[in-house]
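Okay, structure first, notes after.
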Amino acid sequence: MRKILAVFLLFAFANLYAQDVPMSADTAWKHEYRGSATKINDIVNTKLNVSFDYAKCYMYGKAWITLEPHFYATDSLTLDAKGMDIHRVAIIKNGKEIPLKYVYEDSLQLNIHLDKTYSGGEKYEIYIDYTAKPNDRKTHGSAAITDDKGLYFINPDGKIKDKPIQIWTQGETESNSVWFPTIDKPDQKSTVDITMTVPSKYVTLSNGLLVSSKKNNDGTRSDRWKLDLPIAPYLFFMGVGDYAIVKDTYKGKPVDYYVEHAYESVARKIFGNTPEMMAFFSKILDYEYAWPKYDQIVGRDYVSGAMENVTATLHQESAQQNARQLVDGNAWEDVIAHELFHHWFGDLVTTESWSNITVNESFADYSEQLWETYKYGKDAGDAQGYNDMQGYLRSNSQHKDLVRFYYKDKEDLFDAVSYNKGGRILNMLRHYVGDAAFFKSLNVYLNENKFSTGEAQQLRLAFEKVTGQDLNWYWNQWYYGAGNPDLNITYSYNDSAKTSTVTIEQTQKGEQIFRLPIDIDIYHGKIKTRHTVWMTQEKQSYTFKVGEKPDLINVDGDKIILADKDDHKTLAEFINQYKLAGNYVDRKEAIDFAAQNLKEPGAKDFLVEALNDKFHGLRSDVLQETDPHVYTNADFDKIAVMAKTDPDRIVRSQAIDVLAFTNDKKYEPIYLAGVNDSSYSVAGASLQALTEIDKDKAVALVPTLEKDMRGRLKLAVEKLTIASKTESDFDQVYGDFSTLPLGQAKVSQAFDMVTYLGNLHETEHFKKMTDAIVDLRDKIGAMYPQFIKIFNQRLGKVLDRKKASLSSAVNQAEEQIQIDYLKAKIQ
């Protein structure tokens with residue numbers, strides 16, 4: 001499962017401190033240990049035969065489930081079956097159905113009385129005839145998975161123009177039991193046999209291989225999908241719709257991409273690196289991709305980012321990017337890597353309990369850095385890792401254990417701790433044990449637990465088996481503890497003794513002191529001497545014989561420690577760090593420091609020089625972080641060259657943003673050329689910049705630009721036109737916003753919606769738009785509380801304007817209702 005919006009929110013709101021999330025009065029969960037589910041019966045095979053009623057949004061199902069008692073003999077079976085109509089329950093004996101007694105009072109669990117007592121390992125087969133009614137079920141969700149309906153009918157009556165009719169399922173955490181009876185726990189494993197009967201015009205997708213396809217006389221077709229390898233129930237999947245199937249292969253195995261027909265021509269540009277990813281991951285793990293094929297499908301209105309259903313990954317519609325979007329880079333590539341890596345960590349070896357979900361998600365998170373490094377170089381990989389670390393550090397999650405046996409809701413585990421922090425802990429572990437031992441340990445973990453389950457302890461044992469070390473200290477500190485060190489780092493040089501002393505103090509709140517192996521690199525020019533020290537106390541000093549005063553002392557030389565740092569270097573030392581140490585984080589820290597200390601002599605000149613950095617991400621940082629007031633005309637002219645020629649289109653767009661600050665018409669030719677650029681980012685930045693110097697000319701371009709606008713260009717056009725929107729445009733404005741999928745574009749557009757909200761005077765419209773904005777605020781704020789503060793500040797300004805104009809309002813009573821409504825939403 002893919003985390004939502006973490007990196008975007010981090011950098012959009014990095015200047016705010018996280019706020020505490022109010023705790024519910026219900027605290028009983030703090031005392032309820034959440035271990036692995038007790039196994040009374042084990043599922044061996046699940047065979048389903050299903051058809052769909054699009055008008056009612058029902059699924060008619062028949063299930064044949066083969067089970068066996070786990071160890072102890074039993075005469076009963078409890079299956080999860082949420083919100084179904086149960087028509088018949090029977091046991092299959094010699095090919096015949098023998099009815100069984102059952103209880104299904106809560107519409108959540110089906111309690112079946114078996115025909116006899118079965119011994120451990122003695123197989124039996126249950127038959128259930130049922131109707132799944134997902135839309136009748138009251139659901140809830142989380143920030144990572146916004147709904148748990150299990151089975152979704154998208155535009156089933158076809159009434160929404162230009163929206164496809166689709167069916168897809170979402171199982172994680174325990175929602176697949178909405179559409180088939182099962183033991184819906186991650187420690188179960190079952191083979192899969194699913195036959196779907198659908199209108200012949202649609203294609204289907206499920207786990208495993210399509211073993212048969214039969215046309216029926218009523219205009220339908222029955223497709224049978226079969227997987228003979230066992231998987232967890234939450235990883236079962238069905239997808240139905242009018243898709244183009246773009247075929248690819250990996251070592252003779254099918255690798256297909258299911259996309260809407262409009263994206264058929266660019267499907268390979270979106271997903272085409274998948275076979276190379278499969279080869280790369282198989283090689284580094286020394287464990288070949290285990291499954292018979294790998295398909296990916298895109299679903300409309302999907303309730304999360306993406307989901308690693310075995311052999312059939314489901315992506316939200318943001319994955320579908322047209323050719324112009326892809327000019328800016330494939331924004332979905334890391335997600336593709338993330339879900340694929342789950343097919344080793346999560347699918348092949350599945351978390352034994354939701355408390356241990358990090359053994360799934362930390363690896364998928366870390367795979368993004370592995371792929372970026374392999375494909376695009378060390379800077380790209382380090383940038384991915386650094387951004388994920390910041391996502392955790394700014395998430396207000398330092399109080400949460402990585403492996404969490406106490407939680408209110410299992411959905412709460414899908415957060416920046418299980419993902420981001422877990423990935424960074426793996427990166428530190430790799431550095432500590434070395435590459436060879438790290439990947440060998442992963443291989444051992446996979447081999448010893450394949451097609452079964454694992455938890456953090458199995459992972460520890462694999463590493464101990466390979467390294468010969470007792471690693472309980474590492475697991476107790478990072479896996480079974482919370483938080484991270486806050487490091488205060490100071491330096492001194494003794495000229496007479498020719499020694500340098502580094503003092504490091506852990507300043508985090510609480511009693512825990514982290515045990516840290518730390519690499520300290522000492523530079524004299526380009527000559528580096530590394531000293532590895534251990535920090536085991538709250539405050540320690542390390543003194544080194546150095547001769548002349550070093551040009552740089554670089555603590556945590558490879559920048560892998562998960563920590564908040566206050567590193568007391570001078571600007572000159574940070575510049576030396578940029579030039580001598582040279583890793584991505586070394587350079588970024590120097591850029592960040594200079595941008596925050598522009599009054600220091602040399603800071604601006606260093607930043608202008610850093611505009612030549614080899615990595616586009618750091619050129620971007622300089623453009624975004626440097627106050628343009630400090631630039632000279634010569635600096636702006638250099639940035640103008642970047643706006644025209646930088647190899648990275650995002651950097652070009654940010655250079656245009658800086659030029660817009662000048663309000664200088666001499667850059668108008670750059671903007672006029674840019675609005676026609678193939679990149680939406682460049683075109684959007686150019687339109688926004690042109691608006692600053694000649695709004696009429698910008699407005700005149702809108703009719704042409706509106707014909708093909710997405711991303712930054714769409715936002716720029718909307719910003720230009722939103723001021724002209726009136727109450728009569730409400731249906732269009734609200735419709736465009738409410739149907740936009742959760743993502744960066746929707747978050748950005750929400751700020752425009754706050755502005756538009758201030759123009760609304762009809763109470764129904766006002767409440768409806770307020771609810772849409774607040775709903776988005778709360779979804780993101782559940783994981784990133786600082787987001788709530790930002791939106792409340794914006795909404796507060798609307799409230800102030802409403803109050804100020806109340807005395808002159810045409811209908812003061814209605815305006816007061818709106819004021820009270822908005823006030824209640826902000827409080």
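Chain lettering (A, B, ...) mirrors the order of the structure tokens, residue numbering begins at 1 for each chain separately, and ligand numbering begins at 1 in order of display.
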
| task | Find the spatial neighbours of Asn49 in chain A, counting only C-alpha atoms, within a cut-off of 9 Å - ignore same-chain residues fewer than 4 positions away - and output them as a PyMOL selection string. | result | chain A and resi 60-64+193-197+224

| Residues within 7 Å of Tyr445 in chain A, only C-alpha atoms, excluding chain neighbours under 3 positions, as a list in words | Ser441, Leu442, Glu448, Asn449, Gln458, Leu459 and Ala462 of chain A

Dump C-alpha atoms for the selected residues as a short mmCIF file (atom, residue, chain, number, x, y, z; two decimals), in the first residue's frame?
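Done, and the output landed in part-v8.cif:
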data_model
loop_
_atom_site.label_atom_id
_atom_site.label_comp_id
_atom_site.auth_asym_id
_atom_site.auth_seq_id
_atom_site.Cartn_x
_atom_site.Cartn_y
_atom_site.Cartn_z
CA SER A 441 20.14 -11.48 5.23
CA LEU A 442 17.14 -10.43 3.15
CA GLU A 448 13.02 -19.24 5.36
CA ASN A 449 9.56 -17.63 5.35
CA GLN A 458 12.19 -13.39 11.98
CA LEU A 459 13.97 -10.53 10.27
CA ALA A 462 17.95 -13.78 9.58
#

| said: Env of Asn216 in chain A: 10 Å cut, atoms = only C-alpha atoms, seq-sep filter 2 positions within chain, self excluded. Answer as a ChimeraX atom specification. | reply: /A:197-200,213-214,218-222

Taking the chain letters and numbering used in this document, name the residues of range 340-429 of chain A that DSSP puts in helix (DSSP H, G or I), as a tab-separated table (two decimals) with N, CA and C atoms, in the first residue's frame.
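Saved as out.tsv:
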chain	number	residue	atom	x	y	z
A	340	LEU	N	5.70	-3.24	-6.64
A	340	LEU	CA	6.38	-4.43	-7.14
A	340	LEU	C	7.22	-5.08	-6.05
A	341	PHE	N	7.95	-4.29	-5.27
A	341	PHE	CA	8.81	-4.84	-4.23
A	341	PHE	C	7.99	-5.56	-3.16
A	354	TRP	N	-0.99	-7.16	11.92
A	354	TRP	CA	-0.95	-5.76	11.51
A	354	TRP	C	0.03	-4.97	12.37
A	355	SER	N	0.25	-5.42	13.60
A	355	SER	CA	1.25	-4.76	14.45
A	355	SER	C	2.62	-4.74	13.81
A	356	ASN	N	2.89	-5.74	12.99
A	356	ASN	CA	4.19	-5.87	12.33
A	356	ASN	C	4.16	-5.40	10.88
A	358	THR	N	5.20	-3.06	9.37
A	358	THR	CA	6.43	-2.47	8.84
A	358	THR	C	7.28	-3.48	8.09
A	359	VAL	N	7.16	-4.79	8.39
A	359	VAL	CA	7.95	-5.75	7.61
A	359	VAL	C	7.45	-5.83	6.18
A	360	ASN	N	6.25	-5.34	5.92
A	360	ASN	CA	5.79	-5.14	4.55
A	360	ASN	C	6.22	-3.76	4.04
A	361	GLU	N	5.80	-2.73	4.77
A	361	GLU	CA	5.85	-1.37	4.23
A	361	GLU	C	7.24	-0.73	4.29
A	362	SER	N	8.05	-1.07	5.27
A	362	SER	CA	9.39	-0.45	5.31
A	362	SER	C	10.20	-0.89	4.10
A	363	PHE	N	10.07	-2.13	3.69
A	363	PHE	CA	10.82	-2.61	2.54
A	363	PHE	C	10.31	-1.98	1.25
A	364	ALA	N	9.00	-1.89	1.11
A	364	ALA	CA	8.46	-1.25	-0.09
A	364	ALA	C	8.89	0.21	-0.15
A	365	ASP	N	8.88	0.87	1.02
A	365	ASP	CA	9.34	2.25	1.08
A	365	ASP	C	10.82	2.34	0.66
A	366	TYR	N	11.64	1.45	1.19
A	366	TYR	CA	13.08	1.49	0.89
A	366	TYR	C	13.37	1.13	-0.56
A	367	SER	N	12.49	0.35	-1.17
A	367	SER	CA	12.71	-0.03	-2.57
A	367	SER	C	12.74	1.18	-3.49
A	368	GLU	N	12.04	2.24	-3.09
A	368	GLU	CA	12.03	3.44	-3.92
A	368	GLU	C	13.43	4.05	-3.99
A	369	GLN	N	14.13	4.07	-2.86
A	369	GLN	CA	15.52	4.55	-2.88
A	369	GLN	C	16.42	3.60	-3.65
A	370	LEU	N	16.23	2.30	-3.48
A	370	LEU	CA	17.04	1.33	-4.21
A	370	LEU	C	16.89	1.52	-5.72
A	371	TRP	N	15.65	1.67	-6.17
A	371	TRP	CA	15.40	1.83	-7.60
A	371	TRP	C	15.96	3.15	-8.12
A	372	GLU	N	15.70	4.22	-7.41
A	372	GLU	CA	16.19	5.53	-7.85
A	372	GLU	C	17.71	5.53	-7.98
A	373	THR	N	18.39	4.90	-7.02
A	373	THR	CA	19.85	4.84	-7.06
A	373	THR	C	20.33	4.05	-8.27
A	374	TYR	N	19.72	2.89	-8.48
A	374	TYR	CA	20.10	2.04	-9.60
A	374	TYR	C	19.85	2.72	-10.94
A	375	LYS	N	18.68	3.31	-11.08
A	375	LYS	CA	18.26	3.81	-12.39
A	375	LYS	C	18.78	5.21	-12.68
A	376	TYR	N	18.82	6.07	-11.67
A	376	TYR	CA	19.10	7.49	-11.92
A	376	TYR	C	20.30	8.03	-11.17
A	378	LYS	N	23.19	7.94	-7.58
A	378	LYS	CA	23.21	8.03	-6.12
A	378	LYS	C	22.49	9.29	-5.61
A	379	ASP	N	22.66	10.40	-6.28
A	379	ASP	CA	21.97	11.62	-5.83
A	379	ASP	C	20.46	11.42	-5.79
A	380	ALA	N	19.93	10.79	-6.84
A	380	ALA	CA	18.49	10.57	-6.90
A	380	ALA	C	18.04	9.65	-5.77
A	381	GLY	N	18.79	8.60	-5.51
A	381	GLY	CA	18.44	7.70	-4.43
A	381	GLY	C	18.55	8.36	-3.07
A	382	ASP	N	19.62	9.11	-2.86
A	382	ASP	CA	19.79	9.80	-1.58
A	382	ASP	C	18.70	10.84	-1.37
A	383	ALA	N	18.29	11.50	-2.43
A	383	ALA	CA	17.22	12.49	-2.32
A	383	ALA	C	15.92	11.81	-1.90
A	384	GLN	N	15.64	10.64	-2.48
A	384	GLN	CA	14.44	9.90	-2.10
A	384	GLN	C	14.49	9.54	-0.61
A	385	GLY	N	15.64	9.04	-0.17
A	385	GLY	CA	15.78	8.66	1.23
A	385	GLY	C	15.68	9.85	2.17
A	386	TYR	N	16.30	10.96	1.80
A	386	TYR	CA	16.25	12.16	2.63
A	386	TYR	C	14.83	12.69	2.74
A	387	ASN	N	14.12	12.73	1.64
A	387	ASN	CA	12.74	13.22	1.66
A	387	ASN	C	11.86	12.34	2.54
A	388	ASP	N	12.08	11.03	2.47
A	388	ASP	CA	11.30	10.13	3.33
A	388	ASP	C	11.64	10.35	4.80
A	389	MET	N	12.92	10.59	5.09
A	389	MET	CA	13.29	10.85	6.47
A	389	MET	C	12.62	12.11	6.98
A	390	GLN	N	12.63	13.17	6.18
A	390	GLN	CA	11.97	14.40	6.60
A	390	GLN	C	10.47	14.20	6.76
A	391	GLY	N	9.89	13.36	5.92
A	391	GLY	CA	8.47	13.06	6.04
A	391	GLY	C	8.13	12.47	7.40
A	392	TYR	N	9.03	11.62	7.90
A	392	TYR	CA	8.82	11.07	9.25
A	392	TYR	C	9.09	12.12	10.32
A	393	LEU	N	10.22	12.83	10.23
A	393	LEU	CA	10.60	13.76	11.28
A	393	LEU	C	9.58	14.87	11.47
A	410	LYS	N	-6.41	-0.69	13.46
A	410	LYS	CA	-5.32	-1.19	12.61
A	410	LYS	C	-5.01	-0.25	11.46
A	411	GLU	N	-5.98	0.53	11.03
A	411	GLU	CA	-5.73	1.48	9.95
A	411	GLU	C	-4.72	2.55	10.37
A	412	ASP	N	-4.61	2.80	11.69
A	412	ASP	CA	-3.70	3.84	12.17
A	412	ASP	C	-2.24	3.47	11.96
A	413	LEU	N	-1.97	2.20	11.65
A	413	LEU	CA	-0.59	1.74	11.50
A	413	LEU	C	0.01	2.15	10.17
A	417	VAL	N	5.57	6.28	10.33
A	417	VAL	CA	6.46	5.42	11.13
A	417	VAL	C	6.65	4.09	10.43
A	418	SER	N	5.55	3.39	10.13
A	418	SER	CA	5.64	2.09	9.48
A	418	SER	C	6.34	2.17	8.13
A	419	TYR	N	6.12	3.26	7.41
A	419	TYR	CA	6.71	3.43	6.09
A	419	TYR	C	8.07	4.13	6.18
A	420	ASN	N	8.04	5.44	6.36
A	420	ASN	CA	9.25	6.26	6.23
A	420	ASN	C	10.31	5.88	7.25
A	421	LYS	N	9.92	5.84	8.52
A	421	LYS	CA	10.90	5.50	9.55
A	421	LYS	C	11.43	4.10	9.34
A	422	GLY	N	10.54	3.18	9.02
A	422	GLY	CA	10.98	1.81	8.77
A	422	GLY	C	12.00	1.71	7.65
A	423	GLY	N	11.76	2.46	6.59
A	423	GLY	CA	12.71	2.46	5.47
A	423	GLY	C	14.06	3.02	5.87
A	424	ARG	N	14.05	4.06	6.70
A	424	ARG	CA	15.33	4.67	7.13
A	424	ARG	C	16.07	3.73	8.07
A	425	ILE	N	15.34	2.96	8.88
A	425	ILE	CA	15.98	1.99	9.77
A	425	ILE	C	16.66	0.90	8.96
A	426	LEU	N	16.04	0.48	7.87
A	426	LEU	CA	16.69	-0.49	6.99
A	426	LEU	C	17.95	0.10	6.37
A	427	ASN	N	17.90	1.36	5.99
A	427	ASN	CA	19.07	2.00	5.39
A	427	ASN	C	20.23	2.07	6.40
A	428	MET	N	19.91	2.40	7.66
A	428	MET	CA	20.96	2.42	8.69
A	428	MET	C	21.52	1.01	8.93
A	429	LEU	N	20.63	0.03	8.93
A	429	LEU	CA	21.07	-1.35	9.14
A	429	LEU	C	21.99	-1.81	8.01

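For the residues A:Asp301, A:Glu333, A:Asp401, A:Asp519, ranking by smallest atom-to-atom distance to Tyr479 in chain A using only C-alpha atoms places A:Asp401 first.
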
| Near range 670-683 of chain A, within 8 Å and counting only C-alpha atoms, which residues show up once chain neighbours fewer than 2 positions away are dropped, as a PyMOL selection string? | chain A and resi 324-325+327-328+640+643-644+649-650+652-653+656+667-668+685-687+689-690+709-713

Residues as selected, N, CA and C atoms, written as a compact mmCIF listing (two decimals), in the first residue's frame, can you do that?
# COMPACT_ATOMS: atom_id res chain seq x y z
N ARG A 324 2.40 14.91 -22.25
CA ARG A 324 2.91 16.19 -21.73
C ARG A 324 3.26 16.10 -20.26
N GLN A 325 2.46 15.38 -19.50
CA GLN A 325 2.81 15.18 -18.10
C GLN A 325 4.13 14.43 -17.96
N VAL A 327 6.62 14.51 -19.82
CA VAL A 327 7.78 15.38 -20.11
C VAL A 327 8.41 15.86 -18.80
N ASP A 328 7.60 16.09 -17.80
CA ASP A 328 8.08 16.52 -16.49
C ASP A 328 8.65 15.37 -15.67
N ALA A 640 17.58 33.29 -16.08
CA ALA A 640 16.84 33.33 -17.34
C ALA A 640 17.37 32.28 -18.31
N ALA A 643 15.96 29.09 -17.28
CA ALA A 643 14.55 29.01 -17.65
C ALA A 643 14.37 28.53 -19.08
N LYS A 644 15.35 28.76 -19.90
CA LYS A 644 15.26 28.37 -21.31
C LYS A 644 15.95 27.05 -21.61
N ARG A 649 12.69 19.97 -16.77
CA ARG A 649 11.59 20.89 -17.00
C ARG A 649 11.07 21.49 -15.69
N ILE A 650 11.09 20.75 -14.60
CA ILE A 650 10.64 21.30 -13.32
C ILE A 650 11.55 22.45 -12.91
N ARG A 652 13.23 24.35 -14.92
CA ARG A 652 12.90 25.48 -15.80
C ARG A 652 11.69 26.25 -15.25
N SER A 653 10.68 25.51 -14.84
CA SER A 653 9.46 26.19 -14.35
C SER A 653 9.78 26.99 -13.09
N ILE A 656 11.50 30.19 -13.96
CA ILE A 656 10.50 31.17 -14.42
C ILE A 656 9.79 31.80 -13.23
N TYR A 667 11.69 39.82 -19.73
CA TYR A 667 11.60 38.36 -19.74
C TYR A 667 10.31 37.85 -20.38
N GLU A 668 9.51 38.77 -20.90
CA GLU A 668 8.24 38.35 -21.52
C GLU A 668 8.43 37.34 -22.65
N ALA A 685 3.92 27.80 -15.19
CA ALA A 685 4.75 28.85 -14.59
C ALA A 685 4.82 30.06 -15.50
N SER A 686 4.91 29.82 -16.81
CA SER A 686 5.00 30.91 -17.77
C SER A 686 3.72 31.73 -17.79
N LEU A 687 2.57 31.07 -17.76
CA LEU A 687 1.29 31.80 -17.75
C LEU A 687 1.18 32.64 -16.48
N ALA A 689 3.61 33.82 -14.67
CA ALA A 689 4.56 34.93 -14.75
C ALA A 689 4.05 36.02 -15.70
N LEU A 690 3.48 35.61 -16.82
CA LEU A 690 2.94 36.56 -17.78
C LEU A 690 1.80 37.37 -17.15
N MET A 709 -5.01 21.17 -20.64
CA MET A 709 -4.34 21.68 -19.44
C MET A 709 -4.47 20.67 -18.30
N ARG A 710 -3.35 20.43 -17.68
CA ARG A 710 -3.29 19.58 -16.49
C ARG A 710 -2.22 20.13 -15.57
N GLY A 711 -2.19 19.59 -14.36
CA GLY A 711 -1.11 19.91 -13.45
C GLY A 711 -0.94 21.40 -13.22
N ARG A 712 0.30 21.86 -13.32
CA ARG A 712 0.63 23.26 -13.04
C ARG A 712 -0.09 24.20 -14.00
N LEU A 713 -0.25 23.81 -15.23
CA LEU A 713 -0.94 24.68 -16.18
C LEU A 713 -2.40 24.83 -15.80

| field | Residue neighbourhood range 108-111 of chain A, 7 Å, only C-alpha atoms, exclusion window fewer than 2 positions, as a ChimeraX atom specification | value | /A:77-83,102-104,106,113

Export C-alpha atoms of the chosen residues as a PDB file, in the first residue's frame?
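Now in result_34.pdb:
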ATOM      1  CA  LEU A  77     -15.655 -22.684  11.785  1.00  0.00           C
ATOM      2  CA  THR A  78     -15.867 -18.897  11.982  1.00  0.00           C
ATOM      3  CA  LEU A  79     -15.577 -16.940   8.744  1.00  0.00           C
ATOM      4  CA  ASP A  80     -15.505 -13.194   8.219  1.00  0.00           C
ATOM      5  CA  ALA A  81     -18.422 -12.277   5.959  1.00  0.00           C
ATOM      6  CA  LYS A  82     -19.343  -8.607   6.177  1.00  0.00           C
ATOM      7  CA  GLY A  83     -22.803  -7.368   5.221  1.00  0.00           C
ATOM      8  CA  TYR A 102     -24.906 -21.641  11.073  1.00  0.00           C
ATOM      9  CA  VAL A 103     -25.370 -18.372  12.942  1.00  0.00           C
ATOM     10  CA  TYR A 104     -25.063 -15.024  11.209  1.00  0.00           C
ATOM     11  CA  ASP A 106     -24.129  -9.576  13.418  1.00  0.00           C
ATOM     12  CA  HIS A 113     -21.363 -25.871  12.994  1.00  0.00           C
TER      13      HIS A 113
END

| query | For Ser119 in chain A, which residue out of A:Lys133, A:Lys450, A:Arg88, A:His70 is the nearest one, using only C-alpha atoms? | reply | A:His70

| request: Name the residues of range 220-380 of chain A that fall into strand (DSSP E or B) according to DSSP on the backbone, using the chain letters and numbers of this document, as JSON, numbers by chain. | output: {"A": [220, 221, 222, 223, 224, 225, 226, 227, 228, 229, 230, 231, 238, 239, 240, 241, 244, 245, 246, 247, 248, 249, 250, 253, 254, 255, 256, 257, 258, 259, 295, 296, 297, 298, 299, 306, 307, 312, 313, 314, 315, 316, 345, 349, 350, 351]}
